[in-house]
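S.K.: Take this structure, written in structure tokens, and hold onto it; I'll ask about it next.
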Amino acid sequence: MSDLSSIEKNKLENMFDMKTGYVLNWPEKNLFSNNTFKAFILDSTRINIYEKKYGNEGESKAKRLRSFWQQESNYIVGKLILDLLEFWKDEKSNNGLMVSLSEQSLFDECFQISQRLMQDGKAKDVDEFAAIKAHFNEEIAPAIIEQIELAKFIIWVAVAWFTDRKLFEKLLAKKNEGVNVQLIIIDDDINRNSGLKYEELETYKIPKIGTHENIMHNKFCIIDLKTVIHGSYNWTQKARFNKEAITIVDDRETVEKFADQFIQLKRTLIFL
């Protein structure tokens, strides 16, 4: 948990207009809806602030943010504060709003708070920020969707079976945004009868190989070469009701190993 003092919390609450239960609720403009608030914090920290544990004090955005400060580490809290400050500054500029001397003074104080938290937590918490996050059973599909929605550059998926239409549509939406989406699946009856139009994505189908009909049995997804999702979960409708587990890892060295495997899988098609 972060070690924000009561004085620091009060300054941050004033900075982010939290007294009414909102976050950055200006007279001229409410800067966050529930959806944009969730997306902003996901992008900043890769944490879903609408998880149940952050609603322990109430459902408002301000109460969830206070709970986040209480439960998360110095480094993560400091990074989010810094990103919110940058957002505040950009919105002031984009909307042609003057920054008063008192606002600038408070901004500077909050900036110093963010720097203290990040510096104090750096040695201990950077690894935590890139830690493995585990998800089980009904948590899995929403967790995968969150990561897909965060993608800005690439999504590479290698799963044996892919029949989940909702996940497929999320990938199509990202492709239409310009994200490089590639899919590797096995060429079998389950996938052939899924009803999904795999040709709408850059899809590679790997047949059974050898006398024992060995199959490609990987289950992983790479996001922007900085995050990998892997575990027991095939991207199927049936898997939503199974006892399954995935881990989400934010670690470049680990992700590069999965990226190497993805490329090797594509190369196997050359030699079939």
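Just remember, in the structure tokens the first chain shown is A, the second B, etc., residues are 1-based per chain, and ligands are 1-based in the order shown.
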List the spatial neighbours of Gly21 (chain A) as a PyMOL selection string - criterion: any atom at most 10 Å away, only C-alpha atoms, same-chain residues fewer than 5 positions off excluded.
M.R.: chain A and resi 58-65
S.K.: Excluding same-chain residues fewer than 6 positions from Leu269 (chain A), what lies within 9 Å of it counting only C-alpha atoms, as a list in words?
M.R.: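 Neighbouring residues, sequence-local ones excluded: Tyr204, Lys205, Ile206 and Pro207 of chain A.
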S.K.: For Asn242 (chain A), please output as a list in words all residues within 12 Å (counting only C-alpha atoms; exclusion window: fewer than 4 positions along the same chain).
M.R.: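 These residues fall inside the cut-off: Phe136, Asn137, Glu138, Glu139, Ile140, Ala141, Ser232, Tyr233, Asn234, Trp235, Thr236, Gln237 and Lys238 of chain A.
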S.K.: Would you write out those residues with N, CA, C and O atoms, as a PDB file, in the first residue's frame?
M.R.:
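The result, written out as result26.pdb:
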```pdb
ATOM      1  N   PHE A 136      -8.747 -16.433 -12.871  1.00  0.00           N
ATOM      2  CA  PHE A 136      -9.313 -17.773 -12.872  1.00  0.00           C
ATOM      3  C   PHE A 136     -10.779 -17.743 -13.316  1.00  0.00           C
ATOM      4  O   PHE A 136     -11.510 -16.790 -13.065  1.00  0.00           O
ATOM      5  N   ASN A 137     -11.160 -18.827 -14.016  1.00  0.00           N
ATOM      6  CA  ASN A 137     -12.562 -19.113 -14.320  1.00  0.00           C
ATOM      7  C   ASN A 137     -13.268 -17.928 -14.986  1.00  0.00           C
ATOM      8  O   ASN A 137     -12.823 -17.458 -16.034  1.00  0.00           O
ATOM      9  N   GLU A 138     -14.335 -17.402 -14.384  1.00  0.00           N
ATOM     10  CA  GLU A 138     -15.126 -16.359 -15.038  1.00  0.00           C
ATOM     11  C   GLU A 138     -14.408 -15.024 -15.142  1.00  0.00           C
ATOM     12  O   GLU A 138     -14.858 -14.126 -15.856  1.00  0.00           O
ATOM     13  N   GLU A 139     -13.275 -14.870 -14.444  1.00  0.00           N
ATOM     14  CA  GLU A 139     -12.498 -13.628 -14.554  1.00  0.00           C
ATOM     15  C   GLU A 139     -11.732 -13.546 -15.876  1.00  0.00           C
ATOM     16  O   GLU A 139     -11.307 -12.463 -16.283  1.00  0.00           O
ATOM     17  N   ILE A 140     -11.532 -14.681 -16.528  1.00  0.00           N
ATOM     18  CA  ILE A 140     -10.538 -14.759 -17.597  1.00  0.00           C
ATOM     19  C   ILE A 140     -10.934 -13.970 -18.839  1.00  0.00           C
ATOM     20  O   ILE A 140     -10.162 -13.135 -19.333  1.00  0.00           O
ATOM     21  N   ALA A 141     -12.122 -14.232 -19.381  1.00  0.00           N
ATOM     22  CA  ALA A 141     -12.525 -13.547 -20.614  1.00  0.00           C
ATOM     23  C   ALA A 141     -12.511 -12.026 -20.447  1.00  0.00           C
ATOM     24  O   ALA A 141     -11.973 -11.318 -21.315  1.00  0.00           O
ATOM     25  N   SER A 232      -4.068 -22.040 -19.368  1.00  0.00           N
ATOM     26  CA  SER A 232      -4.785 -23.226 -19.832  1.00  0.00           C
ATOM     27  C   SER A 232      -5.939 -22.894 -20.775  1.00  0.00           C
ATOM     28  O   SER A 232      -6.538 -23.791 -21.364  1.00  0.00           O
ATOM     29  N   TYR A 233      -6.230 -21.615 -20.944  1.00  0.00           N
ATOM     30  CA  TYR A 233      -7.491 -21.169 -21.539  1.00  0.00           C
ATOM     31  C   TYR A 233      -7.441 -21.117 -23.063  1.00  0.00           C
ATOM     32  O   TYR A 233      -6.718 -20.315 -23.652  1.00  0.00           O
ATOM     33  N   ASN A 234      -8.230 -21.987 -23.728  1.00  0.00           N
ATOM     34  CA  ASN A 234      -8.489 -21.818 -25.157  1.00  0.00           C
ATOM     35  C   ASN A 234      -9.563 -20.748 -25.326  1.00  0.00           C
ATOM     36  O   ASN A 234     -10.420 -20.567 -24.459  1.00  0.00           O
ATOM     37  N   TRP A 235      -9.537 -20.041 -26.443  1.00  0.00           N
ATOM     38  CA  TRP A 235     -10.471 -18.937 -26.657  1.00  0.00           C
ATOM     39  C   TRP A 235     -11.765 -19.490 -27.264  1.00  0.00           C
ATOM     40  O   TRP A 235     -12.117 -19.193 -28.407  1.00  0.00           O
ATOM     41  N   THR A 236     -12.470 -20.266 -26.467  1.00  0.00           N
ATOM     42  CA  THR A 236     -13.689 -20.922 -26.925  1.00  0.00           C
ATOM     43  C   THR A 236     -14.854 -20.570 -26.012  1.00  0.00           C
ATOM     44  O   THR A 236     -14.666 -20.162 -24.858  1.00  0.00           O
ATOM     45  N   GLN A 237     -16.065 -20.775 -26.533  1.00  0.00           N
ATOM     46  CA  GLN A 237     -17.254 -20.578 -25.712  1.00  0.00           C
ATOM     47  C   GLN A 237     -17.266 -21.556 -24.536  1.00  0.00           C
ATOM     48  O   GLN A 237     -17.619 -21.199 -23.410  1.00  0.00           O
ATOM     49  N   LYS A 238     -16.876 -22.780 -24.789  1.00  0.00           N
ATOM     50  CA  LYS A 238     -16.877 -23.798 -23.741  1.00  0.00           C
ATOM     51  C   LYS A 238     -15.929 -23.442 -22.607  1.00  0.00           C
ATOM     52  O   LYS A 238     -16.229 -23.690 -21.432  1.00  0.00           O
TER      53      LYS A 238
END
```
S.K.: My list of candidates is A:Lys226, A:His217, A:Arg116, A:Arg66. Which is closest to Ile155 (chain A) when distances are computed with only C-alpha atoms?
M.R.: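 So, comparing all the options, the nearest one is A:Lys226.
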S.K.: From a DSSP calculation on the backbone, collect every residue of region 145-181 of chain A in helix (DSSP H, G or I) and output the set as a PyMOL selection string.
M.R.: chain A and resi 145-150+165-176
S.K.: Could you check the closest approach to Ile144 (chain A) for each of A:Ile184, A:Ile41, A:Val157, A:Leu101 and tell me which residue wins, using only C-alpha atoms?
M.R.: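 So, comparing all the options, the nearest one is A:Val157.
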S.K.: Would you work out the distance separating CA of Ile81 (chain A) from CA of Phe68 (chain A), expressed in Å to one decimal?
M.R.: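 CA of Phe68 (chain A) lies at a distance of 11.2 Å from CA of Ile81 (chain A).
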S.K.: As a VMD selection string, list the residues of region 71-181 of chain A assigned to strand (DSSP E or B) by DSSP on the backbone atoms of this structure.
M.R.: chain A and resid 132 to 136 154 to 159 162 180 to 181
S.K.: Write out the residues from the selection above, keeping C-alpha atoms, as a compact mmCIF listing (two decimals), in the first residue's frame.
M.R.:
```
# COMPACT_ATOMS: atom_id res chain seq x y z
CA ILE A 132 2.42 -11.61 -12.92
CA LYS A 133 -1.31 -11.21 -12.48
CA ALA A 134 -3.36 -14.40 -12.21
CA HIS A 135 -7.00 -14.80 -13.26
CA PHE A 136 -9.31 -17.77 -12.87
CA ILE A 154 0.24 -5.55 -32.26
CA ILE A 155 -1.85 -8.48 -31.05
CA TRP A 156 -0.45 -11.93 -31.80
CA VAL A 157 -2.63 -14.84 -30.71
CA ALA A 158 -1.66 -18.52 -30.76
CA VAL A 159 -4.42 -20.80 -29.44
CA PHE A 162 -10.78 -20.28 -31.15
CA ASN A 180 -1.48 -5.55 -36.48
CA VAL A 181 -3.54 -8.62 -35.52
```
S.K.: Set the distance at 12 Å and use only C-alpha atoms: which residues neighbour Gly178 (chain A) once local chain neighbours fewer than 2 positions away are removed? I'd like the list as a compact mmCIF listing (two decimals) with N, CA and C atoms, in the first residue's frame.
M.R.:
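Result file is part-v9.txt:
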```
# COMPACT_ATOMS: atom_id res chain seq x y z
N ALA A 151 -4.29 -2.62 -26.45
CA ALA A 151 -3.30 -2.76 -27.53
C ALA A 151 -3.28 -1.54 -28.43
N LYS A 152 -2.08 -1.10 -28.77
CA LYS A 152 -1.89 0.04 -29.66
C LYS A 152 -1.19 -0.34 -30.97
N PHE A 153 -0.42 -1.44 -30.95
CA PHE A 153 0.42 -1.75 -32.10
C PHE A 153 0.21 -3.17 -32.64
N ILE A 154 0.36 -4.18 -31.78
CA ILE A 154 0.24 -5.55 -32.26
C ILE A 154 -0.55 -6.41 -31.28
N ILE A 155 -1.25 -7.40 -31.83
CA ILE A 155 -1.85 -8.48 -31.05
C ILE A 155 -1.55 -9.77 -31.80
N LEU A 171 -10.97 -8.58 -31.62
CA LEU A 171 -9.78 -8.56 -32.48
C LEU A 171 -10.08 -7.85 -33.79
N LEU A 172 -11.24 -8.10 -34.37
CA LEU A 172 -11.62 -7.41 -35.62
C LEU A 172 -11.67 -5.90 -35.42
N ALA A 173 -12.22 -5.47 -34.29
CA ALA A 173 -12.30 -4.04 -34.02
C ALA A 173 -10.91 -3.43 -33.93
N LYS A 174 -9.98 -4.16 -33.31
CA LYS A 174 -8.61 -3.65 -33.21
C LYS A 174 -7.93 -3.63 -34.58
N LYS A 175 -8.19 -4.63 -35.39
CA LYS A 175 -7.65 -4.63 -36.75
C LYS A 175 -8.13 -3.39 -37.51
N ASN A 176 -9.40 -3.07 -37.35
CA ASN A 176 -9.97 -1.92 -38.05
C ASN A 176 -9.42 -0.59 -37.52
N ASN A 180 -1.89 -4.33 -35.78
CA ASN A 180 -1.48 -5.55 -36.48
C ASN A 180 -1.95 -6.76 -35.68
N VAL A 181 -2.96 -7.47 -36.20
CA VAL A 181 -3.54 -8.62 -35.52
C VAL A 181 -3.21 -9.87 -36.32
N LEU A 201 -8.99 -11.90 -40.55
CA LEU A 201 -7.74 -11.59 -39.85
C LEU A 201 -6.59 -12.27 -40.58
```
S.K.: Kindly assemble as JSON lines a list of the region 215-236 of chain A residues that lie within 12 Å of region 262-265 of chain A, each paired with its nearest atom pair and their distance in Å to one decimal, using only C-alpha atoms, sorted first by chain and then by ascending residue number.
M.R.:
```
{"residue": "A:Ile215", "atom": "CA", "partner": "A:Leu265", "partner_atom": "CA", "distance": 11.3}
{"residue": "A:Met216", "atom": "CA", "partner": "A:Leu265", "partner_atom": "CA", "distance": 8.2}
{"residue": "A:His217", "atom": "CA", "partner": "A:Leu265", "partner_atom": "CA", "distance": 10.8}
{"residue": "A:Asn218", "atom": "CA", "partner": "A:Phe262", "partner_atom": "CA", "distance": 9.4}
{"residue": "A:Lys219", "atom": "CA", "partner": "A:Phe262", "partner_atom": "CA", "distance": 10.7}
{"residue": "A:Phe220", "atom": "CA", "partner": "A:Phe262", "partner_atom": "CA", "distance": 9.1}
{"residue": "A:Cys221", "atom": "CA", "partner": "A:Phe262", "partner_atom": "CA", "distance": 9.3}
{"residue": "A:Ile222", "atom": "CA", "partner": "A:Phe262", "partner_atom": "CA", "distance": 9.0}
{"residue": "A:Leu225", "atom": "CA", "partner": "A:Phe262", "partner_atom": "CA", "distance": 11.6}
{"residue": "A:Val228", "atom": "CA", "partner": "A:Phe262", "partner_atom": "CA", "distance": 11.6}
```
S.K.: Write a file of the selected residues as an mmCIF file, in the first residue's frame, keeping N, CA, C and O atoms.
M.R.:
```cif
data_model
loop_
_atom_site.group_PDB
_atom_site.id
_atom_site.type_symbol
_atom_site.label_atom_id
_atom_site.label_comp_id
_atom_site.auth_asym_id
_atom_site.auth_seq_id
_atom_site.Cartn_x
_atom_site.Cartn_y
_atom_site.Cartn_z
ATOM 1 N N ILE A 215 -0.438 -31.831 -32.459
ATOM 2 C CA ILE A 215 -1.091 -30.553 -32.752
ATOM 3 C C ILE A 215 -0.354 -29.390 -32.092
ATOM 4 O O ILE A 215 0.379 -29.559 -31.113
ATOM 5 N N MET A 216 -0.563 -28.199 -32.644
ATOM 6 C CA MET A 216 -0.132 -26.966 -32.007
ATOM 7 C C MET A 216 -1.062 -26.717 -30.814
ATOM 8 O O MET A 216 -2.248 -26.498 -30.987
ATOM 9 N N HIS A 217 -0.517 -26.794 -29.608
ATOM 10 C CA HIS A 217 -1.357 -26.753 -28.409
ATOM 11 C C HIS A 217 -1.045 -25.539 -27.536
ATOM 12 O O HIS A 217 -1.391 -25.511 -26.346
ATOM 13 N N ASN A 218 -0.424 -24.521 -28.134
ATOM 14 C CA ASN A 218 -0.138 -23.293 -27.383
ATOM 15 C C ASN A 218 -1.419 -22.537 -27.065
ATOM 16 O O ASN A 218 -2.436 -22.675 -27.756
ATOM 17 N N LYS A 219 -1.341 -21.693 -26.035
ATOM 18 C CA LYS A 219 -2.461 -20.825 -25.661
ATOM 19 C C LYS A 219 -1.860 -19.543 -25.103
ATOM 20 O O LYS A 219 -1.715 -19.401 -23.888
ATOM 21 N N PHE A 220 -1.502 -18.627 -25.997
ATOM 22 C CA PHE A 220 -0.937 -17.363 -25.526
ATOM 23 C C PHE A 220 -1.287 -16.225 -26.465
ATOM 24 O O PHE A 220 -1.660 -16.426 -27.621
ATOM 25 N N CYS A 221 -1.174 -15.018 -25.939
ATOM 26 C CA CYS A 221 -1.475 -13.801 -26.701
ATOM 27 C C CYS A 221 -0.459 -12.739 -26.313
ATOM 28 O O CYS A 221 -0.244 -12.470 -25.118
ATOM 29 N N ILE A 222 0.143 -12.114 -27.307
ATOM 30 C CA ILE A 222 1.153 -11.073 -27.104
ATOM 31 C C ILE A 222 0.538 -9.716 -27.436
ATOM 32 O O ILE A 222 -0.084 -9.557 -28.484
ATOM 33 N N LEU A 225 4.283 -6.354 -27.690
ATOM 34 C CA LEU A 225 5.613 -6.849 -27.316
ATOM 35 C C LEU A 225 6.020 -6.447 -25.894
ATOM 36 O O LEU A 225 7.206 -6.410 -25.577
ATOM 37 N N VAL A 228 2.222 -10.486 -22.155
ATOM 38 C CA VAL A 228 1.804 -11.783 -22.678
ATOM 39 C C VAL A 228 0.764 -12.379 -21.743
ATOM 40 O O VAL A 228 0.874 -12.290 -20.518
#
```
S.K.: Counting only C-alpha atoms, what is within 9 Å of Met15 (chain A), bar same-chain residues fewer than 2 positions away, as an MDAnalysis selection string?
M.R.: chainID A and resid 10:13 17:18 24 85 103 106:107 110
S.K.: Near Gln104 (chain A), within 12 Å and counting only C-alpha atoms, which residues show up once chain neighbours fewer than 4 positions away are dropped, as a PyMOL selection string?
M.R.: chain A and resi 15+85+88-89+92+98-100+108-111
S.K.: Keeping only N, CA and C atoms, write the selected residues to a file as an mmCIF file, in the first residue's frame.
M.R.:
```cif
data_model
loop_
_atom_site.group_PDB
_atom_site.id
_atom_site.type_symbol
_atom_site.label_atom_id
_atom_site.label_comp_id
_atom_site.auth_asym_id
_atom_site.auth_seq_id
_atom_site.Cartn_x
_atom_site.Cartn_y
_atom_site.Cartn_z
ATOM 1 N N MET A 15 -6.728 18.850 -5.976
ATOM 2 C CA MET A 15 -6.209 18.938 -7.341
ATOM 3 C C MET A 15 -7.157 18.260 -8.333
ATOM 4 N N LEU A 85 -2.031 14.254 -13.638
ATOM 5 C CA LEU A 85 -1.570 15.642 -13.705
ATOM 6 C C LEU A 85 -1.307 16.063 -15.146
ATOM 7 N N TRP A 88 -4.626 16.593 -16.767
ATOM 8 C CA TRP A 88 -5.188 17.873 -16.301
ATOM 9 C C TRP A 88 -4.580 19.036 -17.081
ATOM 10 N N LYS A 89 -3.260 19.029 -17.208
ATOM 11 C CA LYS A 89 -2.566 20.104 -17.908
ATOM 12 C C LYS A 89 -2.953 20.158 -19.382
ATOM 13 N N LYS A 92 -6.530 21.553 -19.773
ATOM 14 C CA LYS A 92 -6.548 23.009 -19.595
ATOM 15 C C LYS A 92 -6.120 23.704 -20.886
ATOM 16 N N MET A 98 -7.307 29.199 -18.565
ATOM 17 C CA MET A 98 -6.150 29.758 -17.878
ATOM 18 C C MET A 98 -5.857 28.966 -16.600
ATOM 19 N N VAL A 99 -4.582 28.847 -16.276
ATOM 20 C CA VAL A 99 -4.161 28.217 -15.032
ATOM 21 C C VAL A 99 -3.802 29.328 -14.053
ATOM 22 N N SER A 100 -4.541 29.383 -12.952
ATOM 23 C CA SER A 100 -4.299 30.434 -11.964
ATOM 24 C C SER A 100 -3.020 30.148 -11.175
ATOM 25 N N ASP A 108 2.173 21.964 -8.788
ATOM 26 C CA ASP A 108 3.588 21.711 -8.480
ATOM 27 C C ASP A 108 3.743 20.848 -7.232
ATOM 28 N N GLU A 109 2.920 21.106 -6.224
ATOM 29 C CA GLU A 109 2.989 20.303 -5.003
ATOM 30 C C GLU A 109 2.596 18.854 -5.270
ATOM 31 N N CYS A 110 1.563 18.663 -6.074
ATOM 32 C CA CYS A 110 1.121 17.303 -6.397
ATOM 33 C C CYS A 110 2.140 16.590 -7.284
ATOM 34 N N PHE A 111 2.782 17.343 -8.163
ATOM 35 C CA PHE A 111 3.850 16.766 -8.979
ATOM 36 C C PHE A 111 4.967 16.244 -8.086
#
```
S.K.: Under the rule that only C-alpha atoms are counted, which of A:Ile49, A:Ala160, A:Leu4, A:Ile223 is the nearest residue to Arg252 (chain A)?
M.R.: A:Ile223
S.K.: Compile the contact shell of Ile76 (chain A) as a list in words: residues with an atom at most 7 Å away, counting only C-alpha atoms, same-chain residues fewer than 3 positions apart removed.
M.R.: Thr45, Glu72, Ser73, Lys79, Leu80 and Phe129 of chain A
S.K.: Can I get the selected residues back with N, CA and C atoms, as an mmCIF file, in the first residue's frame?
M.R.:
```
data_model
loop_
_atom_site.group_PDB
_atom_site.id
_atom_site.type_symbol
_atom_site.label_atom_id
_atom_site.label_comp_id
_atom_site.auth_asym_id
_atom_site.auth_seq_id
_atom_site.Cartn_x
_atom_site.Cartn_y
_atom_site.Cartn_z
ATOM 1 N N THR A 45 -1.857 2.084 -15.637
ATOM 2 C CA THR A 45 -1.330 1.125 -14.664
ATOM 3 C C THR A 45 -1.593 -0.333 -15.020
ATOM 4 N N GLU A 72 -2.690 0.137 -3.496
ATOM 5 C CA GLU A 72 -1.593 -0.077 -4.436
ATOM 6 C C GLU A 72 -0.280 0.509 -3.916
ATOM 7 N N SER A 73 0.803 0.116 -4.549
ATOM 8 C CA SER A 73 2.148 0.476 -4.090
ATOM 9 C C SER A 73 2.497 1.919 -4.416
ATOM 10 N N LYS A 79 2.794 6.856 -10.323
ATOM 11 C CA LYS A 79 2.686 6.915 -11.783
ATOM 12 C C LYS A 79 1.301 7.383 -12.207
ATOM 13 N N LEU A 80 0.255 6.858 -11.543
ATOM 14 C CA LEU A 80 -1.099 7.276 -11.894
ATOM 15 C C LEU A 80 -1.308 8.759 -11.600
ATOM 16 N N PHE A 129 5.180 -3.649 -10.461
ATOM 17 C CA PHE A 129 4.404 -3.066 -11.547
ATOM 18 C C PHE A 129 4.392 -3.994 -12.760
#
```
S.K.: For Asp90 (chain A), which residue among A:Val255, A:Glu169, A:Leu31, A:Ser194 is the nearest when counting only C-alpha atoms?
M.R.: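 Ranking A:Val255, A:Glu169, A:Leu31, A:Ser194 by distance to Asp90 (chain A), first place goes to A:Leu31.
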